[in-house]
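For reference, my_file_20.cif (mmCIF, N, CA and C atoms):
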data_query
#
loop_
_atom_site.label_atom_id
_atom_site.label_comp_id
_atom_site.auth_asym_id
_atom_site.auth_seq_id
_atom_site.Cartn_x
_atom_site.Cartn_y
_atom_site.Cartn_z
N GLN A 1 0.84 -1.19 0.00
CA GLN A 1 0.00 0.00 0.00
C GLN A 1 0.87 1.24 0.00
N VAL A 2 0.30 2.33 -0.49
CA VAL A 2 1.05 3.60 -0.57
C VAL A 2 1.14 4.22 0.81
N GLN A 3 2.31 4.75 1.12
CA GLN A 3 2.51 5.55 2.32
C GLN A 3 3.09 6.89 1.93
N LEU A 4 2.65 7.93 2.62
CA LEU A 4 3.08 9.30 2.32
C LEU A 4 3.62 9.95 3.59
N VAL A 5 4.74 10.64 3.47
CA VAL A 5 5.33 11.34 4.60
C VAL A 5 5.67 12.76 4.16
N GLU A 6 5.06 13.74 4.84
CA GLU A 6 5.31 15.14 4.52
C GLU A 6 6.43 15.70 5.39
N SER A 7 7.06 16.74 4.90
CA SER A 7 8.06 17.48 5.67
C SER A 7 8.14 18.89 5.11
N GLY A 8 8.83 19.76 5.86
CA GLY A 8 9.08 21.10 5.37
C GLY A 8 8.23 22.19 6.02
N GLY A 9 7.28 21.80 6.87
CA GLY A 9 6.49 22.80 7.55
C GLY A 9 7.31 23.52 8.61
N GLY A 10 6.68 24.54 9.19
CA GLY A 10 7.37 25.29 10.24
C GLY A 10 6.75 26.64 10.44
N LEU A 11 7.47 27.48 11.17
CA LEU A 11 7.03 28.84 11.47
C LEU A 11 7.74 29.80 10.52
N VAL A 12 6.96 30.66 9.90
CA VAL A 12 7.51 31.63 8.96
C VAL A 12 6.78 32.95 9.13
N GLN A 13 7.46 34.04 8.89
CA GLN A 13 6.85 35.36 8.98
C GLN A 13 6.00 35.65 7.74
N PRO A 14 5.01 36.51 7.87
CA PRO A 14 4.23 36.91 6.69
C PRO A 14 5.13 37.42 5.58
N GLY A 15 4.83 36.99 4.36
CA GLY A 15 5.66 37.33 3.23
C GLY A 15 6.77 36.34 2.97
N GLY A 16 6.97 35.42 3.87
CA GLY A 16 8.04 34.44 3.72
C GLY A 16 7.64 33.27 2.83
N SER A 17 8.57 32.30 2.73
CA SER A 17 8.38 31.16 1.84
C SER A 17 8.66 29.86 2.57
N LEU A 18 8.02 28.81 2.13
CA LEU A 18 8.29 27.46 2.58
C LEU A 18 8.16 26.51 1.39
N ASN A 19 8.92 25.42 1.45
CA ASN A 19 8.82 24.40 0.42
C ASN A 19 8.48 23.08 1.10
N LEU A 20 7.26 22.62 0.89
CA LEU A 20 6.84 21.35 1.47
C LEU A 20 7.23 20.20 0.55
N SER A 21 7.58 19.07 1.17
CA SER A 21 7.90 17.87 0.42
C SER A 21 7.06 16.72 0.92
N CYS A 22 6.79 15.78 0.03
CA CYS A 22 6.06 14.57 0.37
C CYS A 22 6.75 13.42 -0.35
N VAL A 23 7.21 12.45 0.42
CA VAL A 23 7.83 11.27 -0.18
C VAL A 23 6.86 10.11 -0.09
N ALA A 24 6.71 9.42 -1.21
CA ALA A 24 5.78 8.30 -1.29
C ALA A 24 6.54 7.00 -1.37
N SER A 25 5.97 5.98 -0.80
CA SER A 25 6.52 4.63 -0.93
C SER A 25 5.38 3.69 -1.28
N GLY A 26 5.75 2.56 -1.87
CA GLY A 26 4.73 1.61 -2.28
C GLY A 26 4.33 1.82 -3.73
N PRO A 27 3.20 1.22 -4.14
CA PRO A 27 2.78 1.25 -5.54
C PRO A 27 2.14 2.58 -5.94
N VAL A 28 2.99 3.58 -6.18
CA VAL A 28 2.50 4.89 -6.61
C VAL A 28 2.31 4.87 -8.11
N TYR A 29 1.11 5.13 -8.56
CA TYR A 29 0.80 5.07 -9.97
C TYR A 29 0.84 6.47 -10.57
N SER A 30 1.61 6.60 -11.63
CA SER A 30 1.79 7.93 -12.23
C SER A 30 0.48 8.46 -12.80
N ASN A 31 -0.47 7.59 -13.11
CA ASN A 31 -1.76 8.06 -13.64
C ASN A 31 -2.65 8.64 -12.55
N ASN A 32 -2.35 8.33 -11.30
CA ASN A 32 -3.15 8.88 -10.21
C ASN A 32 -2.72 10.30 -9.90
N PRO A 33 -3.66 11.18 -9.67
CA PRO A 33 -3.28 12.53 -9.29
C PRO A 33 -2.71 12.56 -7.88
N MET A 34 -1.89 13.56 -7.63
CA MET A 34 -1.41 13.83 -6.27
C MET A 34 -1.73 15.27 -5.94
N ALA A 35 -1.92 15.52 -4.66
CA ALA A 35 -2.42 16.83 -4.28
C ALA A 35 -1.96 17.22 -2.89
N TRP A 36 -2.06 18.50 -2.63
CA TRP A 36 -1.87 19.06 -1.28
C TRP A 36 -3.22 19.62 -0.82
N TYR A 37 -3.59 19.28 0.39
CA TYR A 37 -4.76 19.83 1.05
C TYR A 37 -4.30 20.51 2.34
N ARG A 38 -5.18 21.32 2.90
CA ARG A 38 -4.87 21.90 4.20
C ARG A 38 -6.13 21.92 5.06
N GLN A 39 -5.90 21.97 6.36
CA GLN A 39 -7.02 21.94 7.29
C GLN A 39 -6.68 22.76 8.53
N THR A 40 -7.66 23.55 8.96
CA THR A 40 -7.56 24.28 10.22
C THR A 40 -8.58 23.71 11.19
N PRO A 41 -8.37 23.89 12.49
CA PRO A 41 -9.29 23.31 13.48
C PRO A 41 -10.73 23.72 13.23
N GLY A 42 -11.62 22.74 13.24
CA GLY A 42 -13.04 23.00 13.08
C GLY A 42 -13.50 23.14 11.65
N ASN A 43 -12.59 23.02 10.71
CA ASN A 43 -12.93 23.19 9.29
C ASN A 43 -12.60 21.93 8.50
N GLN A 44 -13.24 21.80 7.34
CA GLN A 44 -12.94 20.67 6.47
C GLN A 44 -11.63 20.90 5.74
N ARG A 45 -11.05 19.80 5.29
CA ARG A 45 -9.87 19.93 4.46
C ARG A 45 -10.24 20.61 3.15
N GLU A 46 -9.35 21.49 2.69
CA GLU A 46 -9.60 22.16 1.42
C GLU A 46 -8.42 21.93 0.49
N LEU A 47 -8.73 21.87 -0.79
CA LEU A 47 -7.71 21.63 -1.79
C LEU A 47 -6.81 22.85 -1.93
N VAL A 48 -5.52 22.62 -1.85
CA VAL A 48 -4.55 23.68 -2.09
C VAL A 48 -4.08 23.61 -3.55
N ALA A 49 -3.64 22.43 -3.97
CA ALA A 49 -3.14 22.26 -5.33
C ALA A 49 -3.19 20.79 -5.69
N ILE A 50 -3.40 20.51 -6.97
CA ILE A 50 -3.45 19.13 -7.46
C ILE A 50 -2.72 19.06 -8.79
N ILE A 51 -2.04 17.94 -9.01
CA ILE A 51 -1.34 17.73 -10.26
C ILE A 51 -1.77 16.40 -10.85
N PHE A 52 -2.18 16.43 -12.12
CA PHE A 52 -2.68 15.25 -12.81
C PHE A 52 -1.59 14.68 -13.71
N ALA A 53 -1.83 13.49 -14.21
CA ALA A 53 -0.92 12.90 -15.17
C ALA A 53 -0.77 13.85 -16.35
N GLY A 54 0.46 13.99 -16.81
CA GLY A 54 0.74 14.92 -17.90
C GLY A 54 1.12 16.30 -17.41
N GLY A 55 1.03 16.51 -16.08
CA GLY A 55 1.48 17.77 -15.51
C GLY A 55 0.43 18.86 -15.41
N ILE A 56 -0.82 18.52 -15.70
CA ILE A 56 -1.87 19.53 -15.56
C ILE A 56 -2.09 19.81 -14.08
N THR A 57 -2.19 21.11 -13.74
CA THR A 57 -2.31 21.51 -12.35
C THR A 57 -3.56 22.36 -12.15
N ASN A 58 -4.01 22.36 -10.90
CA ASN A 58 -5.13 23.21 -10.53
C ASN A 58 -4.90 23.66 -9.09
N TYR A 59 -5.34 24.87 -8.77
CA TYR A 59 -5.07 25.45 -7.46
C TYR A 59 -6.35 25.98 -6.83
N GLY A 60 -6.37 26.00 -5.49
CA GLY A 60 -7.47 26.63 -4.79
C GLY A 60 -7.51 28.12 -5.09
N PRO A 61 -8.69 28.73 -5.04
CA PRO A 61 -8.81 30.15 -5.43
C PRO A 61 -8.00 31.09 -4.54
N PHE A 62 -7.70 30.67 -3.32
CA PHE A 62 -6.96 31.53 -2.41
C PHE A 62 -5.47 31.56 -2.73
N VAL A 63 -5.00 30.67 -3.62
CA VAL A 63 -3.57 30.59 -3.91
C VAL A 63 -3.11 31.84 -4.66
N LYS A 64 -3.85 32.24 -5.66
CA LYS A 64 -3.59 33.50 -6.38
C LYS A 64 -2.15 33.60 -6.87
N GLY A 65 -1.64 32.51 -7.42
CA GLY A 65 -0.32 32.52 -8.02
C GLY A 65 0.84 32.45 -7.06
N ARG A 66 0.58 32.25 -5.79
CA ARG A 66 1.66 32.26 -4.81
C ARG A 66 2.32 30.90 -4.63
N PHE A 67 1.62 29.82 -4.95
CA PHE A 67 2.12 28.46 -4.71
C PHE A 67 2.35 27.75 -6.04
N THR A 68 3.28 26.80 -6.02
CA THR A 68 3.54 25.96 -7.18
C THR A 68 3.67 24.51 -6.75
N ILE A 69 2.89 23.64 -7.37
CA ILE A 69 2.97 22.21 -7.10
C ILE A 69 3.82 21.55 -8.17
N ALA A 70 4.63 20.58 -7.75
CA ALA A 70 5.48 19.86 -8.69
C ALA A 70 5.62 18.41 -8.23
N ARG A 71 5.86 17.54 -9.19
CA ARG A 71 5.94 16.11 -8.90
C ARG A 71 7.16 15.52 -9.59
N ASP A 72 7.90 14.73 -8.86
CA ASP A 72 9.03 13.98 -9.40
C ASP A 72 8.61 12.51 -9.44
N TYR A 73 8.25 12.03 -10.63
CA TYR A 73 7.72 10.67 -10.75
C TYR A 73 8.78 9.63 -10.45
N PHE A 74 10.02 9.90 -10.83
CA PHE A 74 11.08 8.91 -10.62
C PHE A 74 11.37 8.73 -9.15
N ARG A 75 11.45 9.85 -8.42
CA ARG A 75 11.78 9.78 -6.99
C ARG A 75 10.54 9.64 -6.12
N LYS A 76 9.36 9.60 -6.72
CA LYS A 76 8.10 9.49 -5.99
C LYS A 76 7.96 10.62 -4.98
N MET A 77 8.24 11.82 -5.42
CA MET A 77 8.17 12.99 -4.55
C MET A 77 7.11 13.97 -5.06
N LEU A 78 6.50 14.68 -4.12
CA LEU A 78 5.57 15.76 -4.42
C LEU A 78 6.03 16.98 -3.65
N TYR A 79 5.98 18.15 -4.28
CA TYR A 79 6.45 19.38 -3.66
C TYR A 79 5.37 20.46 -3.72
N LEU A 80 5.48 21.38 -2.77
CA LEU A 80 4.64 22.58 -2.81
C LEU A 80 5.51 23.76 -2.41
N GLN A 81 5.84 24.58 -3.37
CA GLN A 81 6.59 25.81 -3.09
C GLN A 81 5.58 26.89 -2.77
N MET A 82 5.70 27.46 -1.58
CA MET A 82 4.75 28.48 -1.14
C MET A 82 5.49 29.78 -0.91
N ASN A 83 5.10 30.80 -1.61
CA ASN A 83 5.71 32.13 -1.49
C ASN A 83 4.69 33.14 -1.00
N ASN A 84 5.20 34.25 -0.49
CA ASN A 84 4.33 35.34 -0.03
C ASN A 84 3.24 34.82 0.91
N LEU A 85 3.66 34.06 1.88
CA LEU A 85 2.71 33.44 2.80
C LEU A 85 2.00 34.48 3.65
N GLU A 86 0.75 34.17 3.97
CA GLU A 86 -0.10 35.05 4.75
C GLU A 86 -0.54 34.32 6.02
N PRO A 87 -0.90 35.05 7.07
CA PRO A 87 -1.37 34.38 8.29
C PRO A 87 -2.53 33.41 8.03
N GLN A 88 -3.36 33.73 7.03
CA GLN A 88 -4.50 32.86 6.70
C GLN A 88 -4.06 31.52 6.12
N ASP A 89 -2.80 31.40 5.76
CA ASP A 89 -2.28 30.13 5.26
C ASP A 89 -1.90 29.16 6.38
N THR A 90 -1.98 29.62 7.60
CA THR A 90 -1.68 28.75 8.74
C THR A 90 -2.64 27.57 8.77
N ALA A 91 -2.08 26.36 8.76
CA ALA A 91 -2.91 25.15 8.71
C ALA A 91 -1.98 23.94 8.78
N VAL A 92 -2.59 22.78 8.91
CA VAL A 92 -1.86 21.54 8.70
C VAL A 92 -2.03 21.17 7.22
N TYR A 93 -0.91 20.92 6.57
CA TYR A 93 -0.91 20.60 5.14
C TYR A 93 -0.71 19.10 4.96
N TYR A 94 -1.57 18.52 4.12
CA TYR A 94 -1.56 17.07 3.90
C TYR A 94 -1.26 16.75 2.45
N CYS A 95 -0.49 15.72 2.27
CA CYS A 95 -0.22 15.16 0.95
C CYS A 95 -1.25 14.07 0.67
N ASN A 96 -1.69 13.99 -0.57
CA ASN A 96 -2.72 13.01 -0.96
C ASN A 96 -2.36 12.33 -2.27
N HIS A 97 -2.60 11.04 -2.33
CA HIS A 97 -2.42 10.26 -3.57
C HIS A 97 -3.71 9.55 -3.88
N GLY A 98 -4.26 9.79 -5.04
CA GLY A 98 -5.40 9.02 -5.50
C GLY A 98 -6.76 9.56 -5.09
N GLY A 99 -6.84 10.80 -4.68
CA GLY A 99 -8.13 11.39 -4.37
C GLY A 99 -8.58 11.14 -2.95
N SER A 100 -9.83 11.56 -2.65
CA SER A 100 -10.33 11.51 -1.28
C SER A 100 -10.40 10.09 -0.73
N ASP A 101 -10.55 9.11 -1.59
CA ASP A 101 -10.57 7.72 -1.14
C ASP A 101 -9.19 7.08 -1.19
N GLY A 102 -8.19 7.89 -1.48
CA GLY A 102 -6.84 7.37 -1.60
C GLY A 102 -6.08 7.44 -0.30
N THR A 103 -4.81 7.77 -0.41
CA THR A 103 -3.91 7.74 0.75
C THR A 103 -3.56 9.16 1.19
N TRP A 104 -3.49 9.33 2.51
CA TRP A 104 -3.14 10.62 3.10
C TRP A 104 -1.88 10.48 3.95
N GLY A 105 -1.09 11.54 3.98
CA GLY A 105 0.02 11.59 4.90
C GLY A 105 -0.46 12.03 6.27
N GLN A 106 0.51 12.16 7.19
CA GLN A 106 0.16 12.52 8.56
C GLN A 106 0.02 14.03 8.73
N GLY A 107 0.49 14.79 7.77
CA GLY A 107 0.37 16.25 7.81
C GLY A 107 1.62 16.92 8.36
N THR A 108 1.81 18.16 7.95
CA THR A 108 2.90 18.99 8.46
C THR A 108 2.33 20.38 8.76
N GLN A 109 2.68 20.89 9.94
CA GLN A 109 2.12 22.17 10.39
C GLN A 109 2.84 23.33 9.74
N VAL A 110 2.07 24.26 9.20
CA VAL A 110 2.58 25.52 8.68
C VAL A 110 1.96 26.64 9.50
N THR A 111 2.82 27.46 10.09
CA THR A 111 2.35 28.59 10.89
C THR A 111 2.96 29.86 10.34
N VAL A 112 2.10 30.80 9.97
CA VAL A 112 2.56 32.08 9.43
C VAL A 112 2.20 33.16 10.45
N SER A 113 3.21 33.69 11.06
CA SER A 113 2.99 34.64 12.14
C SER A 113 4.22 35.50 12.34
N SER A 114 3.99 36.74 12.74
CA SER A 114 5.10 37.63 13.07
C SER A 114 5.41 37.56 14.56
#
Written form, structure tokens:
Amino acid sequence: QVQLVESGGGLVQPGGSLNLSCVASGPVYSNNPMAWYRQTPGNQRELVAIIFAGGITNYGPFVKGRFTIARDYFRKMLYLQMNNLEPQDTAVYYCNHGGSDGTWGQGTQVTVSS
């Protein structure tokens, strides 16, 4: 089965940047989309960014060009480069393989605060 482990979260000041990574193990299928979601206490998980086979990407409306999702199929890695971070971006960020019924990582905390 697929396992996902995220890293790269932390505390950053408003306007700063973070690069999240997700390493996958097991039978990762390149045809399956991979995505980043985020969740704050009391709220549902929301899509941050998703990448489909062939490199097609889609982003949540709040991203506004600040984030970039990328996938390394050979190394089974997923990345999220986040720039110009805002306090509203504070959340636990989750890596996902295969959609809502697929596999989730344990999450990595991102805190944007001065």
Discussion item. As an NGL selection string, please: every residue in chain A that DSSP puts in strand (DSSP E).
Written reply: :A and (3-7 or 10-12 or 18-25 or 34-39 or 46-51 or 57-59 or 67-72 or 77-82 or 91-97 or 103-104 or 108-112)
Fill in: Sel. within 12 Å of pt (2.6, 32.7, 0.2), counting only C-alpha atoms, output as a count of residues only
30
Near-Ile69 of chain A list (8 Å; only C-alpha atoms; drop same-chain fewer than 6 positions) as a PDB file with N, CA and C atoms, in the coordinates of the input:
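Listed below is the output, selection-v7.pdb:
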ATOM      1  N   ALA A  49      -3.640  22.430  -3.970  1.00  0.00           N
ATOM      2  CA  ALA A  49      -3.140  22.260  -5.330  1.00  0.00           C
ATOM      3  C   ALA A  49      -3.190  20.790  -5.690  1.00  0.00           C
ATOM      4  N   ILE A  50      -3.400  20.510  -6.970  1.00  0.00           N
ATOM      5  CA  ILE A  50      -3.450  19.130  -7.460  1.00  0.00           C
ATOM      6  C   ILE A  50      -2.720  19.060  -8.790  1.00  0.00           C
ATOM      7  N   ILE A  51      -2.040  17.940  -9.010  1.00  0.00           N
ATOM      8  CA  ILE A  51      -1.340  17.730 -10.260  1.00  0.00           C
ATOM      9  C   ILE A  51      -1.770  16.400 -10.850  1.00  0.00           C
ATOM     10  N   THR A  57      -2.190  21.110 -13.740  1.00  0.00           N
ATOM     11  CA  THR A  57      -2.310  21.510 -12.350  1.00  0.00           C
ATOM     12  C   THR A  57      -3.560  22.360 -12.150  1.00  0.00           C
ATOM     13  N   LEU A  78       6.500  14.680  -4.120  1.00  0.00           N
ATOM     14  CA  LEU A  78       5.570  15.760  -4.420  1.00  0.00           C
ATOM     15  C   LEU A  78       6.030  16.980  -3.650  1.00  0.00           C
ATOM     16  N   TYR A  79       5.980  18.150  -4.280  1.00  0.00           N
ATOM     17  CA  TYR A  79       6.450  19.380  -3.660  1.00  0.00           C
ATOM     18  C   TYR A  79       5.370  20.460  -3.720  1.00  0.00           C
ATOM     19  N   LEU A  80       5.480  21.380  -2.770  1.00  0.00           N
ATOM     20  CA  LEU A  80       4.640  22.580  -2.810  1.00  0.00           C
ATOM     21  C   LEU A  80       5.510  23.760  -2.410  1.00  0.00           C
ATOM     22  N   GLN A  81       5.840  24.580  -3.370  1.00  0.00           N
ATOM     23  CA  GLN A  81       6.590  25.810  -3.090  1.00  0.00           C
ATOM     24  C   GLN A  81       5.580  26.890  -2.770  1.00  0.00           C
TER      25      GLN A  81
END
Worksheet entry | Result set of the PyMOL selection byres (((chain A and resi 36 and name CA) around 7) and name CA) on the coordinates above, as a PyMOL selection string | chain A and resi 35+37-38+47-50+93-96
I would like the residues chosen by the PyMOL selection byres (((chain A and resi 24 and name CA) around 7) and name CA) on the shown file; could you give them as an mmCIF file with N, CA and C atoms, in the coordinates of the input?
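Now in selection_24.cif:
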data_model
loop_
_atom_site.group_PDB
_atom_site.id
_atom_site.type_symbol
_atom_site.label_atom_id
_atom_site.label_comp_id
_atom_site.auth_asym_id
_atom_site.auth_seq_id
_atom_site.Cartn_x
_atom_site.Cartn_y
_atom_site.Cartn_z
ATOM 1 N N VAL A 2 0.300 2.330 -0.490
ATOM 2 C CA VAL A 2 1.050 3.600 -0.570
ATOM 3 C C VAL A 2 1.140 4.220 0.810
ATOM 4 N N GLN A 3 2.310 4.750 1.120
ATOM 5 C CA GLN A 3 2.510 5.550 2.320
ATOM 6 C C GLN A 3 3.090 6.890 1.930
ATOM 7 N N LEU A 4 2.650 7.930 2.620
ATOM 8 C CA LEU A 4 3.080 9.300 2.320
ATOM 9 C C LEU A 4 3.620 9.950 3.590
ATOM 10 N N VAL A 5 4.740 10.640 3.470
ATOM 11 C CA VAL A 5 5.330 11.340 4.600
ATOM 12 C C VAL A 5 5.670 12.760 4.160
ATOM 13 N N CYS A 22 6.790 15.780 0.030
ATOM 14 C CA CYS A 22 6.060 14.570 0.370
ATOM 15 C C CYS A 22 6.750 13.420 -0.350
ATOM 16 N N VAL A 23 7.210 12.450 0.420
ATOM 17 C CA VAL A 23 7.830 11.270 -0.180
ATOM 18 C C VAL A 23 6.860 10.110 -0.090
ATOM 19 N N SER A 25 5.970 5.980 -0.800
ATOM 20 C CA SER A 25 6.520 4.630 -0.930
ATOM 21 C C SER A 25 5.380 3.690 -1.280
ATOM 22 N N GLY A 26 5.750 2.560 -1.870
ATOM 23 C CA GLY A 26 4.730 1.610 -2.280
ATOM 24 C C GLY A 26 4.330 1.820 -3.730
ATOM 25 N N LYS A 76 9.360 9.600 -6.720
ATOM 26 C CA LYS A 76 8.100 9.490 -5.990
ATOM 27 C C LYS A 76 7.960 10.620 -4.980
ATOM 28 N N MET A 77 8.240 11.820 -5.420
ATOM 29 C CA MET A 77 8.170 12.990 -4.550
ATOM 30 C C MET A 77 7.110 13.970 -5.060
#
Worksheet item: the PyMOL selection byres ((chain A and resi 33) around 6) on the file shown: which residues, as a list in words?
Response: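 When the PyMOL selection byres ((chain A and resi 33) around 6) is applied, the selected residues are Ser30, Asn31, Asn32, Met34, Ala35, Ile51, Phe52, Ala53, Asn96, His97, Gly98 and Gly99 of chain A.
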Go ahead and write the residues just picked, N, CA and C atoms, as a PDB file, keeping the file's coordinate frame.
ATOM      1  N   SER A  30       1.610   6.600 -11.630  1.00  0.00           N
ATOM      2  CA  SER A  30       1.790   7.930 -12.230  1.00  0.00           C
ATOM      3  C   SER A  30       0.480   8.460 -12.800  1.00  0.00           C
ATOM      4  N   ASN A  31      -0.470   7.590 -13.110  1.00  0.00           N
ATOM      5  CA  ASN A  31      -1.760   8.060 -13.640  1.00  0.00           C
ATOM      6  C   ASN A  31      -2.650   8.640 -12.550  1.00  0.00           C
ATOM      7  N   ASN A  32      -2.350   8.330 -11.300  1.00  0.00           N
ATOM      8  CA  ASN A  32      -3.150   8.880 -10.210  1.00  0.00           C
ATOM      9  C   ASN A  32      -2.720  10.300  -9.900  1.00  0.00           C
ATOM     10  N   MET A  34      -1.890  13.560  -7.630  1.00  0.00           N
ATOM     11  CA  MET A  34      -1.410  13.830  -6.270  1.00  0.00           C
ATOM     12  C   MET A  34      -1.730  15.270  -5.940  1.00  0.00           C
ATOM     13  N   ALA A  35      -1.920  15.520  -4.660  1.00  0.00           N
ATOM     14  CA  ALA A  35      -2.420  16.830  -4.280  1.00  0.00           C
ATOM     15  C   ALA A  35      -1.960  17.220  -2.890  1.00  0.00           C
ATOM     16  N   ILE A  51      -2.040  17.940  -9.010  1.00  0.00           N
ATOM     17  CA  ILE A  51      -1.340  17.730 -10.260  1.00  0.00           C
ATOM     18  C   ILE A  51      -1.770  16.400 -10.850  1.00  0.00           C
ATOM     19  N   PHE A  52      -2.180  16.430 -12.120  1.00  0.00           N
ATOM     20  CA  PHE A  52      -2.680  15.250 -12.810  1.00  0.00           C
ATOM     21  C   PHE A  52      -1.590  14.680 -13.710  1.00  0.00           C
ATOM     22  N   ALA A  53      -1.830  13.490 -14.210  1.00  0.00           N
ATOM     23  CA  ALA A  53      -0.920  12.900 -15.170  1.00  0.00           C
ATOM     24  C   ALA A  53      -0.770  13.850 -16.350  1.00  0.00           C
ATOM     25  N   ASN A  96      -1.690  13.990  -0.570  1.00  0.00           N
ATOM     26  CA  ASN A  96      -2.720  13.010  -0.960  1.00  0.00           C
ATOM     27  C   ASN A  96      -2.360  12.330  -2.270  1.00  0.00           C
ATOM     28  N   HIS A  97      -2.600  11.040  -2.330  1.00  0.00           N
ATOM     29  CA  HIS A  97      -2.420  10.260  -3.570  1.00  0.00           C
ATOM     30  C   HIS A  97      -3.710   9.550  -3.880  1.00  0.00           C
ATOM     31  N   GLY A  98      -4.260   9.790  -5.040  1.00  0.00           N
ATOM     32  CA  GLY A  98      -5.400   9.020  -5.500  1.00  0.00           C
ATOM     33  C   GLY A  98      -6.760   9.560  -5.090  1.00  0.00           C
ATOM     34  N   GLY A  99      -6.840  10.800  -4.680  1.00  0.00           N
ATOM     35  CA  GLY A  99      -8.130  11.390  -4.370  1.00  0.00           C
ATOM     36  C   GLY A  99      -8.580  11.140  -2.950  1.00  0.00           C
TER      37      GLY A  99
END
Practice prompt. Would you work out the distance separating atom CA of Gly54 of chain A from atom CA of Ala91 of chain A, expressed in Å to one decimal?
Written response: 28.7 Å
Fill in: Between atom CA of Thr40 of chain A and atom CA of Tyr73 of chain A - distance in Å to one decimal
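Calculated distance between atom CA of Tyr73 of chain A and atom CA of Thr40 of chain A is 29.3 Å.
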Worksheet item: A:Pro61, A:Gly55, A:Gly42, A:Gly8: which is nearest Ser21 of chain A, counting all atoms listed in the file?
Response: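 Closest to Ser21 of chain A of all the choices is A:Gly8.
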Worksheet item: Quick one, how far is atom CA of Val28 of chain A from atom CA of Gly10 of chain A?
Response: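 Atom-to-atom, atom CA of Val28 of chain A and atom CA of Gly10 of chain A are spaced 26.9 Å apart.
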